[in-house]
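Data block below; observations after.
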Amino acid sequence: MRDKRKTAGIYLVLTILALLTLAPLAFLLINSFKSQAEIVDDPLALPSHFTLEYLVNAAQTIQFPKALALTIFITVVSVGLLVIISSFVAWMMVRTKSRASKALYLAFSAAMLIPFQSVMYPLIELFDGFGLKNLGGLIIMYCGFGMCMSVFMYHGFIKNIPLSLEEAAVIDGASIFQLFFKVVFPLLRTTTVTVIIINTMWIWNDYLLPYLVIGNAENKTLTLELYYAKQIVSQYGNPWELIFPAVLISILPVVVLFLLLQKQVMTGMTDGAVKG
């Protein structure tokens with residue numbers, strides 16, 4: 001009886017936490033199909049009628065196709081480089097038994113504790129001095145800031161890969177790149193999915209770094225388009241009938257991606273953090 005009560009209590013707490021987590025998404029979804037008057041009158045009420053008018057208007061206002069293409073490009077290139085470089089670096093650190101590799105691993109781990117805000121202005125000035133305050137510089141920054149956690153996760157998982165697999169490949173005449181990409185990397189699938197999802201969600205939703213690097217350029221990311229669109233049309237108040245649908249269509253792709261791959265994400269985080 002005591003165990004049943006304990007289980008029921010755990011499920012109750014988890015249900016409450018789930019509802020609290022989903023409440024903002026439900027609030028966003030409901031108000032994305034309502035007019036300004038309906039939202040102001042009762043933001044918790046359901047729409048009086050279903051229409052895609054506000055979503056279409058928001059997509060046109062924030063130049064959705066153009067901003068989406070740029071955001072996808074930045075995200076795909078940044079995450080692709082992160083996966084390849086961080087996995088290779090972690091593999092080399094695991095297989096190189098030296099004080100230098102241990103020190104490097106500790107440096108990567110410690111760097112995760114440094115907040116971006118403490119280094120953002122010197123970093124921006126440095127990149128500006130090298131002529132990298134542009135799209136290419138933004139991608140390099142994302143790779144740099146995402147490298148620490150990605151290396152940390154890969155490092156923990158690679159330690160559990162039997163060395164005998166790599167020794168067999170070396171005996172068969174595999175080069176170092178063949179050894180990594182044909183033997184080691186395919187075994188990192190769960191961790192790779194986790195690294196992809198975590199960094200994709202961060203880069204996709206990031207506002208501060210694109211704002212500091214590319215600012216009010218002609219081509220903007222979705223987060224920048226949202227910001228500047230609100231600045232333009234909010235001279236006479238908050239344009240809720242634009243804000244809610246614009247935010248919805250901006251976050252929808254990455255939310256769907258996470259829902260599709262959430263099992264692999266949980267598995268990858270466990271494998272990389274616990275087994276190592």
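Chain labels follow the order of the structure tokens: the first chain is A, the next B, and so on; residue numbering restarts at 1 in every chain, and ligands are counted from 1 in their shown order.
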Item to complete: Among the residues of range 51-135 of chain A, find those DSSP assigns to helix (DSSP H, G or I) from the backbone and print them as a ChimeraX atom specification.
Response: /A:53-61,64-95,99-111,116-118,120-129,135
Using C-alpha atoms, can you write the selected residues to a file as an mmCIF file, in the first residue's frame?
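File written: out-v8.cif
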data_model
loop_
_atom_site.group_PDB
_atom_site.id
_atom_site.type_symbol
_atom_site.label_atom_id
_atom_site.label_comp_id
_atom_site.auth_asym_id
_atom_site.auth_seq_id
_atom_site.Cartn_x
_atom_site.Cartn_y
_atom_site.Cartn_z
ATOM 1 C CA GLU A 53 -4.668 34.535 -41.586
ATOM 2 C CA TYR A 54 -2.480 35.537 -38.645
ATOM 3 C CA LEU A 55 0.139 32.871 -39.391
ATOM 4 C CA VAL A 56 0.338 33.993 -43.026
ATOM 5 C CA ASN A 57 0.613 37.646 -42.013
ATOM 6 C CA ALA A 58 3.353 36.854 -39.491
ATOM 7 C CA ALA A 59 5.286 34.815 -42.071
ATOM 8 C CA GLN A 60 5.180 37.750 -44.507
ATOM 9 C CA THR A 61 6.162 40.292 -41.864
ATOM 10 C CA PHE A 64 9.872 33.750 -43.090
ATOM 11 C CA PRO A 65 11.219 31.869 -46.161
ATOM 12 C CA LYS A 66 14.343 34.038 -46.370
ATOM 13 C CA ALA A 67 14.998 34.022 -42.611
ATOM 14 C CA LEU A 68 14.275 30.292 -42.421
ATOM 15 C CA ALA A 69 16.787 29.514 -45.167
ATOM 16 C CA LEU A 70 19.511 31.559 -43.447
ATOM 17 C CA THR A 71 18.775 30.029 -40.046
ATOM 18 C CA ILE A 72 18.878 26.513 -41.497
ATOM 19 C CA PHE A 73 22.169 27.272 -43.239
ATOM 20 C CA ILE A 74 23.818 28.627 -40.078
ATOM 21 C CA THR A 75 22.475 25.774 -37.958
ATOM 22 C CA VAL A 76 23.393 22.960 -40.357
ATOM 23 C CA VAL A 77 26.926 24.227 -41.025
ATOM 24 C CA SER A 78 27.639 25.005 -37.361
ATOM 25 C CA VAL A 79 26.253 21.722 -36.034
ATOM 26 C CA GLY A 80 27.931 19.719 -38.815
ATOM 27 C CA LEU A 81 31.321 21.203 -37.978
ATOM 28 C CA LEU A 82 30.695 20.695 -34.264
ATOM 29 C CA VAL A 83 29.873 17.012 -34.706
ATOM 30 C CA ILE A 84 32.874 16.225 -36.901
ATOM 31 C CA ILE A 85 35.478 18.266 -35.018
ATOM 32 C CA SER A 86 34.354 17.535 -31.460
ATOM 33 C CA SER A 87 33.986 13.778 -32.035
ATOM 34 C CA PHE A 88 37.425 13.560 -33.643
ATOM 35 C CA VAL A 89 39.035 15.673 -30.904
ATOM 36 C CA ALA A 90 37.390 13.594 -28.161
ATOM 37 C CA TRP A 91 38.529 10.362 -29.815
ATOM 38 C CA MET A 92 42.122 11.593 -30.047
ATOM 39 C CA MET A 93 42.095 12.681 -26.398
ATOM 40 C CA VAL A 94 40.750 9.316 -25.235
ATOM 41 C CA ARG A 95 43.229 7.275 -27.252
ATOM 42 C CA ARG A 99 49.206 14.430 -19.444
ATOM 43 C CA ALA A 100 48.571 16.863 -22.294
ATOM 44 C CA SER A 101 45.390 15.068 -23.354
ATOM 45 C CA LYS A 102 44.152 14.954 -19.755
ATOM 46 C CA ALA A 103 44.893 18.645 -19.298
ATOM 47 C CA LEU A 104 43.125 19.450 -22.562
ATOM 48 C CA TYR A 105 40.067 17.482 -21.475
ATOM 49 C CA LEU A 106 39.982 19.337 -18.151
ATOM 50 C CA ALA A 107 40.276 22.622 -20.040
ATOM 51 C CA PHE A 108 37.273 21.722 -22.224
ATOM 52 C CA SER A 109 35.298 20.695 -19.149
ATOM 53 C CA ALA A 110 36.183 23.861 -17.234
ATOM 54 C CA ALA A 111 35.318 26.062 -20.210
ATOM 55 C CA PHE A 116 29.152 33.853 -22.628
ATOM 56 C CA GLN A 117 28.281 37.279 -21.234
ATOM 57 C CA SER A 118 31.684 37.542 -19.547
ATOM 58 C CA MET A 120 31.135 38.527 -25.468
ATOM 59 C CA TYR A 121 32.418 42.105 -25.849
ATOM 60 C CA PRO A 122 36.151 41.218 -26.063
ATOM 61 C CA LEU A 123 35.224 38.395 -28.433
ATOM 62 C CA ILE A 124 33.198 40.656 -30.723
ATOM 63 C CA GLU A 125 35.986 43.246 -30.794
ATOM 64 C CA LEU A 126 38.553 40.538 -31.586
ATOM 65 C CA PHE A 127 36.496 39.134 -34.458
ATOM 66 C CA ASP A 128 35.774 42.630 -35.738
ATOM 67 C CA GLY A 129 39.508 43.309 -35.834
ATOM 68 C CA LEU A 135 28.141 35.197 -41.186
#
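Candidate residues A:Ala169, A:Leu28, A:Val247, A:Val40 were compared for distance to Leu222 in chain A, and the nearest is A:Val247, using only C-alpha atoms.
What separates CA of Gly173 in chain A from CA of Arg189 in chain A is a distance of 24.3 Å.
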Worksheet item: Quick one: of A:Val151, A:Leu260, A:Leu226, A:Leu44, who's nearest to Asp206 in chain A, counting only C-alpha atoms?
Response: A:Leu226
Please list as a PDB file with C-alpha atoms, in the first residue's frame every residue within 10 Å of Val184 in chain A, counting only C-alpha atoms and excluding residues in the same chain fewer than 3 positions away.
ATOM      1  CA  SER A  87      33.986  13.778 -32.035  1.00  0.00           C
ATOM      2  CA  PHE A  88      37.425  13.560 -33.643  1.00  0.00           C
ATOM      3  CA  TRP A  91      38.529  10.362 -29.815  1.00  0.00           C
ATOM      4  CA  ILE A 158      34.264   6.821 -26.614  1.00  0.00           C
ATOM      5  CA  ILE A 161      34.404   1.566 -27.196  1.00  0.00           C
ATOM      6  CA  PRO A 162      36.662  -1.537 -27.163  1.00  0.00           C
ATOM      7  CA  LEU A 163      40.136  -0.702 -28.373  1.00  0.00           C
ATOM      8  CA  LEU A 165      37.964  -2.914 -32.804  1.00  0.00           C
ATOM      9  CA  GLU A 166      40.380  -0.164 -33.746  1.00  0.00           C
ATOM     10  CA  PHE A 177      40.664   8.838 -41.023  1.00  0.00           C
ATOM     11  CA  GLN A 178      39.328   5.497 -42.223  1.00  0.00           C
ATOM     12  CA  LEU A 179      39.680   4.199 -38.672  1.00  0.00           C
ATOM     13  CA  PHE A 180      37.661   7.064 -37.280  1.00  0.00           C
ATOM     14  CA  PHE A 181      34.955   7.548 -39.914  1.00  0.00           C
ATOM     15  CA  LEU A 187      29.336   3.674 -33.070  1.00  0.00           C
ATOM     16  CA  LEU A 188      28.694   7.216 -31.800  1.00  0.00           C
ATOM     17  CA  ARG A 189      25.204   7.446 -33.306  1.00  0.00           C
TER      18      ARG A 189
END
Worksheet item: Can you tell me, as a PyMOL selection string, what residues are no more than 10 Å from Ile251 in chain A when counting only C-alpha atoms, ignoring any on the same chain fewer than 4 positions away?
Response: chain A and resi 201+204-205+222-223+246-247+255-256
Worksheet, complete the sentence: Residue with the minimum atom-to-atom distance to Ile196 in chain A, picked from A:Thr221, A:Ser98, A:Ser150, A:Gln63 with only C-alpha atoms counted, is A:Ser150
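Picture a line from CA of Ile140 in chain A to CA of Ile214 in chain A; it runs 13.2 Å.
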